[in-house]
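Step one of this worksheet: look at the structure below.
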Amino acid sequence: MLDSSGISHWWPDAGALPALESVTVADLVDRAVAHRPHGDALAYSAYADLGISVRLSYDGLYEEVVSIADALIDSGLEVGDRVVVWGRNVPQFSLIQWACAYANLVMVPINPLYRRDELTFVLERVDANAVFLNAEDRGASLWDILGDAAKHVSTLRLQVAFEQAPDDRGLGWDQWRAAHANTDRERVLERRRSVKPADLSQIQFTSGTTGSPKGVELTNWILANQGLHMATRAEVVETDRWVNPMPLFHCGGCVVTAMAILAAAATHLPIISFDPKRVCDTIERERATFVSGVTTMLIAMQEEMELNGQSLATLRTVVSGGSVVPPAIGRGWQERLDVNFVITYGQTEFGPLATVTSPQDSKVAQITTCGRPIAHVELDVVTPGTTDRVPVDEEGELRYRGFVMNGYHKDPEATASAVDSEGWLRSGDLGCIDANGYVRITGRAKDMIIRGGENIASASVEDAMRSLDGVADVSVIGVDDDRYGEELCAFVRLNDGATLTAEHVLSELSGRIARFKIPRYLIKLEAFPLTPSGKIQKFRLTSLHATALEEGRVEDTRKPEGAP
């Protein structure tokens with residue numbers, strides 16, 4: 001509920017549902033198995049061409065999890081040891097996640113795009129004891145990269161490829177399973193009974209839109225309760241079938257989606273790596289009711305539907321996150337498929353959910369807000385850099401508390417700078433909360449462009465640019481300028497066959513947004529540099545701007561006479 005004084009402060013209702021529970025991730029596994037033993041738990045049906053066809057009931061999932069947990073224990077892994085999972089959304093990824101929860105091990109999911117230095121950093125940082133990985137990804141030998149990195153990690157004892165091992169530096173999945181084929185169920189259950197809600201469950205490395213990743217420590221209690229809260233707010237039920245192209249090494253994939261599915265005993269339909277055709281095919285084959293996707297994924301899926309005519313008629317809910325879906329895209333999905341949008345907002349350091357829209361919200365609220373705070377979350381909006389709360393509907397920086405991380409792994413200084421002594425996590429996001437408790441994100445504080453003394457949130461300019469004919473996606477950054485300090489540069493990806501000129505940008509946006517907000521520069525890209533979770537990596541756009549300048553590909557929207 002909002003503070004009655006008219007300031008931007010949302011107080012959690014102690015009686016709100018779901019209630020906070022003293023619960024572990026393994027408890028969610030047990031509940032799902034008990035509730036729906038014969039229902040589909042995990043399925044892959046669009047990968048016959050790759051030789052992958054998996055369909056496990058919850059009973060079958062349980063048997064696999066117990067067997068893998070025992071193999072982990074039999075391999076010498078002790079309570080709290082670190083198990084790095086480095087790969088795509090293959091079936092083994094989910095099985096390892098739940099097996100680690102059962103064996104009281106800490107899973108460290110990481111990006112398969114990491115290379116030697118990044119991997120070495122993570123392995124050393126967490127004192128990795130085991131690594132499970134795809135031996136190859138996108139033409140790169142992760143096996144060889146790990147071989148180089150492992151030389152610097154004295155704690156590493158186990159290396160297992162999800163496929164056949166390329167050489168004798170480790171084992172293949174089948175070879176490893178065969179070496180530990182005799183499951184000692186009592187040993188597993190004894191280990192499982194040792195798991196406590198406060199025990200560390202995962203160390204999630206932030207996706208790095210602005211620089212080096214940090215290891216976020218998340219407990220069983222945080223992850224399990226977040227799964228229960230997401231399932232409740234999104235109205236996930238046991239008959240739901242959820243297609244998940246979000247990477248499982250990211251909170252959007254292995255918490256927001258996977259934990260919510262588990263909490264509801266629904267069906268998880270992972271996509272190995274995002275491919276709009278396989279996503280649409282899986283929805284059609286499995287009669288899916290839910291699908292996850294950030295804006296770039298939704299645009300690609302929409303293009304796929306238009307190209308190949310899939311109806312996706314069984315879909316009921318689209319789950320997205322990070323910020324609102326651009327209204328034009330959201331309305332298109334609502335009008336074509338009559339779906340609800342569940343928009344999640346938060347950050348890895350919060351487990352990650354802070355606010356979520358509900359299918360009960362109006363169609364407008366679903367695509368123009370990030371919903372209200374979930375149960376038991378306290379949220380306020382403050383003047384950036386201070387703790388002074390601003391009035392309702394006024395922009396400021398969002399802070400929240402309730403599911404805050406244990407801290408950044410081995411980085412107390414960074415932890416202290418992110419979380420204050422009262423437990424408030426400073427988001428770095430700009431936004432506001434309205435009188436009904438709905439949160440809107442207007443930009444990131446560090447994405448703020450200051451042009452000639454005017455503060456410009458890049459998100460507001462991006463929304464205006466998306467309304468232009470032919471624009472499929474856009475990102476706006478500030479670039480150095482001798483006169484104004486910074487000027488705006490818009491990077492755009494166009495629809496097939498579309499054209500866009502600097503003159504057109506200027507003429508179309510003049511009179512619709514303030515002139516100082518109209519991007520000075522225009523650069524067209526075939527594709528954006530993206531994080532694993534599908535967000536645009538703005539820090540890389542600066543170097544792309546420099547390259548485009550050298551190559552003469554930067555268009556200037558200002559005529560010499562009319563330059564502001």
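Convention: chains lettered A, B, ... in structure tokens order; per-chain residue numbering from 1; ligands numbered from 1 as shown.
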Could you give me, as a ChimeraX atom specification, each residue of stretch 171-332 of chain A that DSSP assigns to helix (DSSP H, G or I) when run on this structure's backbone?
-> /A:173-179,185-193,220-234,251-264,276-286,295-308,327-332
Keeping only C-alpha atoms, take the residues you just selected and write them out as a PDB file, in the first residue's frame.
```pdb
ATOM      1  CA  TRP A 173      27.862 -36.912 -19.589  1.00  0.00           C
ATOM      2  CA  ASP A 174      27.035 -40.553 -20.332  1.00  0.00           C
ATOM      3  CA  GLN A 175      30.477 -41.673 -19.217  1.00  0.00           C
ATOM      4  CA  TRP A 176      30.151 -39.745 -15.954  1.00  0.00           C
ATOM      5  CA  ARG A 177      26.659 -41.116 -15.295  1.00  0.00           C
ATOM      6  CA  ALA A 178      27.804 -44.684 -16.013  1.00  0.00           C
ATOM      7  CA  ALA A 179      30.697 -44.304 -13.562  1.00  0.00           C
ATOM      8  CA  ARG A 185      19.146 -43.079  -2.298  1.00  0.00           C
ATOM      9  CA  GLU A 186      19.622 -42.850   1.462  1.00  0.00           C
ATOM     10  CA  ARG A 187      22.849 -40.925   0.986  1.00  0.00           C
ATOM     11  CA  VAL A 188      21.019 -38.463  -1.253  1.00  0.00           C
ATOM     12  CA  LEU A 189      18.115 -38.052   1.164  1.00  0.00           C
ATOM     13  CA  GLU A 190      20.518 -37.474   4.045  1.00  0.00           C
ATOM     14  CA  ARG A 191      22.205 -34.714   2.063  1.00  0.00           C
ATOM     15  CA  ARG A 192      18.846 -33.311   1.023  1.00  0.00           C
ATOM     16  CA  ARG A 193      17.756 -33.107   4.681  1.00  0.00           C
ATOM     17  CA  ASN A 220      17.409 -21.099  -1.179  1.00  0.00           C
ATOM     18  CA  TRP A 221      14.888 -18.940   0.686  1.00  0.00           C
ATOM     19  CA  ILE A 222      15.100 -16.116  -1.846  1.00  0.00           C
ATOM     20  CA  LEU A 223      14.840 -18.315  -4.932  1.00  0.00           C
ATOM     21  CA  ALA A 224      12.058 -20.581  -3.650  1.00  0.00           C
ATOM     22  CA  ASN A 225       9.915 -17.704  -2.402  1.00  0.00           C
ATOM     23  CA  GLN A 226      10.465 -15.780  -5.627  1.00  0.00           C
ATOM     24  CA  GLY A 227       9.216 -18.813  -7.553  1.00  0.00           C
ATOM     25  CA  LEU A 228       6.092 -18.963  -5.385  1.00  0.00           C
ATOM     26  CA  HIS A 229       5.480 -15.224  -5.781  1.00  0.00           C
ATOM     27  CA  MET A 230       5.938 -15.285  -9.560  1.00  0.00           C
ATOM     28  CA  ALA A 231       3.582 -18.258  -9.950  1.00  0.00           C
ATOM     29  CA  THR A 232       0.959 -16.470  -7.866  1.00  0.00           C
ATOM     30  CA  ARG A 233       1.181 -13.052  -9.556  1.00  0.00           C
ATOM     31  CA  ALA A 234       1.338 -14.513 -13.093  1.00  0.00           C
ATOM     32  CA  CYS A 251      17.742 -15.142 -13.536  1.00  0.00           C
ATOM     33  CA  GLY A 252      15.081 -14.658 -16.189  1.00  0.00           C
ATOM     34  CA  GLY A 253      15.467 -18.281 -17.238  1.00  0.00           C
ATOM     35  CA  CYS A 254      16.337 -20.258 -14.118  1.00  0.00           C
ATOM     36  CA  VAL A 255      14.403 -18.245 -11.497  1.00  0.00           C
ATOM     37  CA  VAL A 256      11.572 -16.128 -12.942  1.00  0.00           C
ATOM     38  CA  THR A 257      10.588 -18.921 -15.315  1.00  0.00           C
ATOM     39  CA  ALA A 258      11.938 -22.245 -14.024  1.00  0.00           C
ATOM     40  CA  MET A 259      11.183 -21.609 -10.331  1.00  0.00           C
ATOM     41  CA  ALA A 260       7.667 -20.382 -11.080  1.00  0.00           C
ATOM     42  CA  ILE A 261       6.981 -23.442 -13.237  1.00  0.00           C
ATOM     43  CA  LEU A 262       8.254 -25.704 -10.463  1.00  0.00           C
ATOM     44  CA  ALA A 263       6.224 -23.855  -7.817  1.00  0.00           C
ATOM     45  CA  ALA A 264       3.053 -24.453  -9.848  1.00  0.00           C
ATOM     46  CA  PRO A 276      12.130 -17.799 -33.347  1.00  0.00           C
ATOM     47  CA  LYS A 277      11.154 -20.739 -35.530  1.00  0.00           C
ATOM     48  CA  ARG A 278      11.823 -23.318 -32.809  1.00  0.00           C
ATOM     49  CA  VAL A 279       9.995 -21.150 -30.282  1.00  0.00           C
ATOM     50  CA  CYS A 280       6.921 -20.917 -32.501  1.00  0.00           C
ATOM     51  CA  ASP A 281       7.134 -24.608 -33.437  1.00  0.00           C
ATOM     52  CA  THR A 282       7.315 -25.594 -29.762  1.00  0.00           C
ATOM     53  CA  ILE A 283       4.301 -23.441 -28.912  1.00  0.00           C
ATOM     54  CA  GLU A 284       2.328 -25.122 -31.706  1.00  0.00           C
ATOM     55  CA  ARG A 285       3.463 -28.695 -30.967  1.00  0.00           C
ATOM     56  CA  GLU A 286       3.025 -28.477 -27.199  1.00  0.00           C
ATOM     57  CA  THR A 295      11.468  -7.193 -26.682  1.00  0.00           C
ATOM     58  CA  THR A 296      14.076  -8.303 -29.221  1.00  0.00           C
ATOM     59  CA  MET A 297      12.742 -11.884 -28.995  1.00  0.00           C
ATOM     60  CA  LEU A 298       9.108 -10.780 -29.350  1.00  0.00           C
ATOM     61  CA  ILE A 299       9.968  -8.783 -32.467  1.00  0.00           C
ATOM     62  CA  ALA A 300      11.697 -11.832 -33.999  1.00  0.00           C
ATOM     63  CA  MET A 301       8.770 -14.108 -33.088  1.00  0.00           C
ATOM     64  CA  GLN A 302       6.321 -11.665 -34.631  1.00  0.00           C
ATOM     65  CA  GLU A 303       8.371 -11.647 -37.822  1.00  0.00           C
ATOM     66  CA  GLU A 304       8.399 -15.473 -37.795  1.00  0.00           C
ATOM     67  CA  MET A 305       4.610 -15.632 -37.367  1.00  0.00           C
ATOM     68  CA  GLU A 306       4.111 -13.261 -40.263  1.00  0.00           C
ATOM     69  CA  LEU A 307       6.520 -15.205 -42.451  1.00  0.00           C
ATOM     70  CA  ASN A 308       5.268 -18.744 -41.766  1.00  0.00           C
ATOM     71  CA  PRO A 327       3.406  -0.240 -26.325  1.00  0.00           C
ATOM     72  CA  ALA A 328       3.187  -0.654 -30.094  1.00  0.00           C
ATOM     73  CA  ILE A 329       4.641  -4.167 -29.863  1.00  0.00           C
ATOM     74  CA  GLY A 330       2.511  -5.088 -26.853  1.00  0.00           C
ATOM     75  CA  ARG A 331      -0.683  -3.874 -28.504  1.00  0.00           C
ATOM     76  CA  GLY A 332       0.140  -5.887 -31.619  1.00  0.00           C
TER      77      GLY A 332
END
```
May I have all residues of stretch 355-418 of chain A that DSSP, computed from the backbone, assigns to strand (DSSP E or B), given as a list in words?
-> Thr355, Val356, Arg372, Pro373, Glu378, Leu379, Asp380, Val381, Val382, Arg389, Pro391, Gly396, Glu397, Leu398, Arg399, Tyr400, Arg401, Gly407 and Tyr408 of chain A
A:Glu124: which residues within 9 Å, counting only C-alpha atoms, same-chain residues fewer than 4 positions away excluded, as number ranges by chain?
-> A: 119-120, 128, 152-155
File of the preceding selection, N, CA and C atoms, as a PDB file, in the first residue's frame:
```pdb
ATOM      1  N   LEU A 119      36.162 -16.595 -17.968  1.00  0.00           N
ATOM      2  CA  LEU A 119      35.946 -17.872 -17.307  1.00  0.00           C
ATOM      3  C   LEU A 119      36.911 -18.054 -16.148  1.00  0.00           C
ATOM      4  N   THR A 120      38.163 -17.731 -16.372  1.00  0.00           N
ATOM      5  CA  THR A 120      39.159 -17.856 -15.300  1.00  0.00           C
ATOM      6  C   THR A 120      38.763 -16.996 -14.107  1.00  0.00           C
ATOM      7  N   ALA A 128      35.791 -22.777  -7.848  1.00  0.00           N
ATOM      8  CA  ALA A 128      34.983 -23.809  -8.497  1.00  0.00           C
ATOM      9  C   ALA A 128      35.524 -25.201  -8.231  1.00  0.00           C
ATOM     10  N   HIS A 152      44.664 -22.511 -13.760  1.00  0.00           N
ATOM     11  CA  HIS A 152      44.805 -21.494 -12.719  1.00  0.00           C
ATOM     12  C   HIS A 152      43.894 -21.754 -11.520  1.00  0.00           C
ATOM     13  N   VAL A 153      43.143 -22.888 -11.545  1.00  0.00           N
ATOM     14  CA  VAL A 153      42.126 -23.123 -10.523  1.00  0.00           C
ATOM     15  C   VAL A 153      42.435 -24.426  -9.796  1.00  0.00           C
ATOM     16  N   SER A 154      43.056 -24.318  -8.640  1.00  0.00           N
ATOM     17  CA  SER A 154      43.496 -25.518  -7.908  1.00  0.00           C
ATOM     18  C   SER A 154      42.343 -26.299  -7.308  1.00  0.00           C
ATOM     19  N   THR A 155      41.181 -25.656  -7.137  1.00  0.00           N
ATOM     20  CA  THR A 155      40.047 -26.329  -6.489  1.00  0.00           C
ATOM     21  C   THR A 155      39.252 -27.219  -7.429  1.00  0.00           C
TER      22      THR A 155
END
```
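Distances here use only C-alpha atoms; by that measure, the residue among A:Gln97, A:Gln347, A:Thr24, A:Ser53 closest to A:Val66 is A:Gln97.
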So which one's closest to A:Cys100, A:His180, A:Arg169, A:Arg82, A:His504? Using only C-alpha atoms, please.
-> A:Arg82
May I have the residues within 10 Å of stretch 287-292 of chain A as a ChimeraX atom specification, using only C-alpha atoms and disregarding those fewer than 4 positions away in the same chain?
-> /A:234,236,239-246,252-253,256-257,267-270,279-283,297-298,312-321,339-343
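Proximity to A:Thr183 at 7 Å, evaluated using only C-alpha atoms and with sequence-adjacent residues fewer than 2 positions away removed, yields A:Ser67, A:Asp70, A:Ala181, A:Arg185.
Take the candidates A:Ile513, A:Ile52, A:Ala354, A:Leu525 and check each one against A:Val471 using only C-alpha atoms; the shortest distance goes to A:Leu525.
Of the listed residues (A:Val108, A:Ile272, A:Val294, A:Cys489), A:Cys489 comes nearest to A:Ile523; the distances count only C-alpha atoms.
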Find the spatial neighbours of A:Lys535, counting only C-alpha atoms, within a cut-off of 9 Å - ignore same-chain residues fewer than 3 positions away - and output them as a list in words.
-> Thr209, Val294, Thr295, Thr296, Gly322, Pro529, Leu530, Thr531, Pro532 and Lys538 of chain A
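The space between atom CA of A:Ala472 and atom CA of A:Thr344 spans 22.4 Å.
Relative to atom CA of A:Val79, atom CA of A:Asn111 is found at 24.3 Å.
Every protein, DNA or RNA residue with an atom at most 9 Å from A:Ala457, where only C-alpha atoms count and chain neighbours fewer than 6 positions away do not, is listed here: Leu430, Thr442, Gly443, Arg444, Ala445, Asp447, Met448, Ile449 and Ile450 of chain A.
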Selection file, C-alpha atoms, as an mmCIF file, in the first residue's frame:
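Result went into out_0.cif, see below:
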```cif
data_model
loop_
_atom_site.group_PDB
_atom_site.id
_atom_site.type_symbol
_atom_site.label_atom_id
_atom_site.label_comp_id
_atom_site.auth_asym_id
_atom_site.auth_seq_id
_atom_site.Cartn_x
_atom_site.Cartn_y
_atom_site.Cartn_z
ATOM 1 C CA LEU A 430 14.843 5.854 -12.969
ATOM 2 C CA THR A 442 11.777 5.750 -17.452
ATOM 3 C CA GLY A 443 15.456 4.905 -17.877
ATOM 4 C CA ARG A 444 18.654 4.040 -16.076
ATOM 5 C CA ALA A 445 20.424 6.655 -14.035
ATOM 6 C CA ASP A 447 21.912 5.909 -19.144
ATOM 7 C CA MET A 448 21.002 9.535 -18.478
ATOM 8 C CA ILE A 449 22.227 11.771 -21.279
ATOM 9 C CA ILE A 450 23.051 15.355 -20.301
#
```
Rank A:Leu500, A:Leu488, A:Ala435, A:Leu509 by their smallest atom-to-atom distance to A:Ile7, using only C-alpha atoms, and report the top residue only.
-> A:Ala435
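Computed from the coordinates, the atom CA of A:Trp11 to atom CA of A:Leu379 distance equals 7.0 Å.
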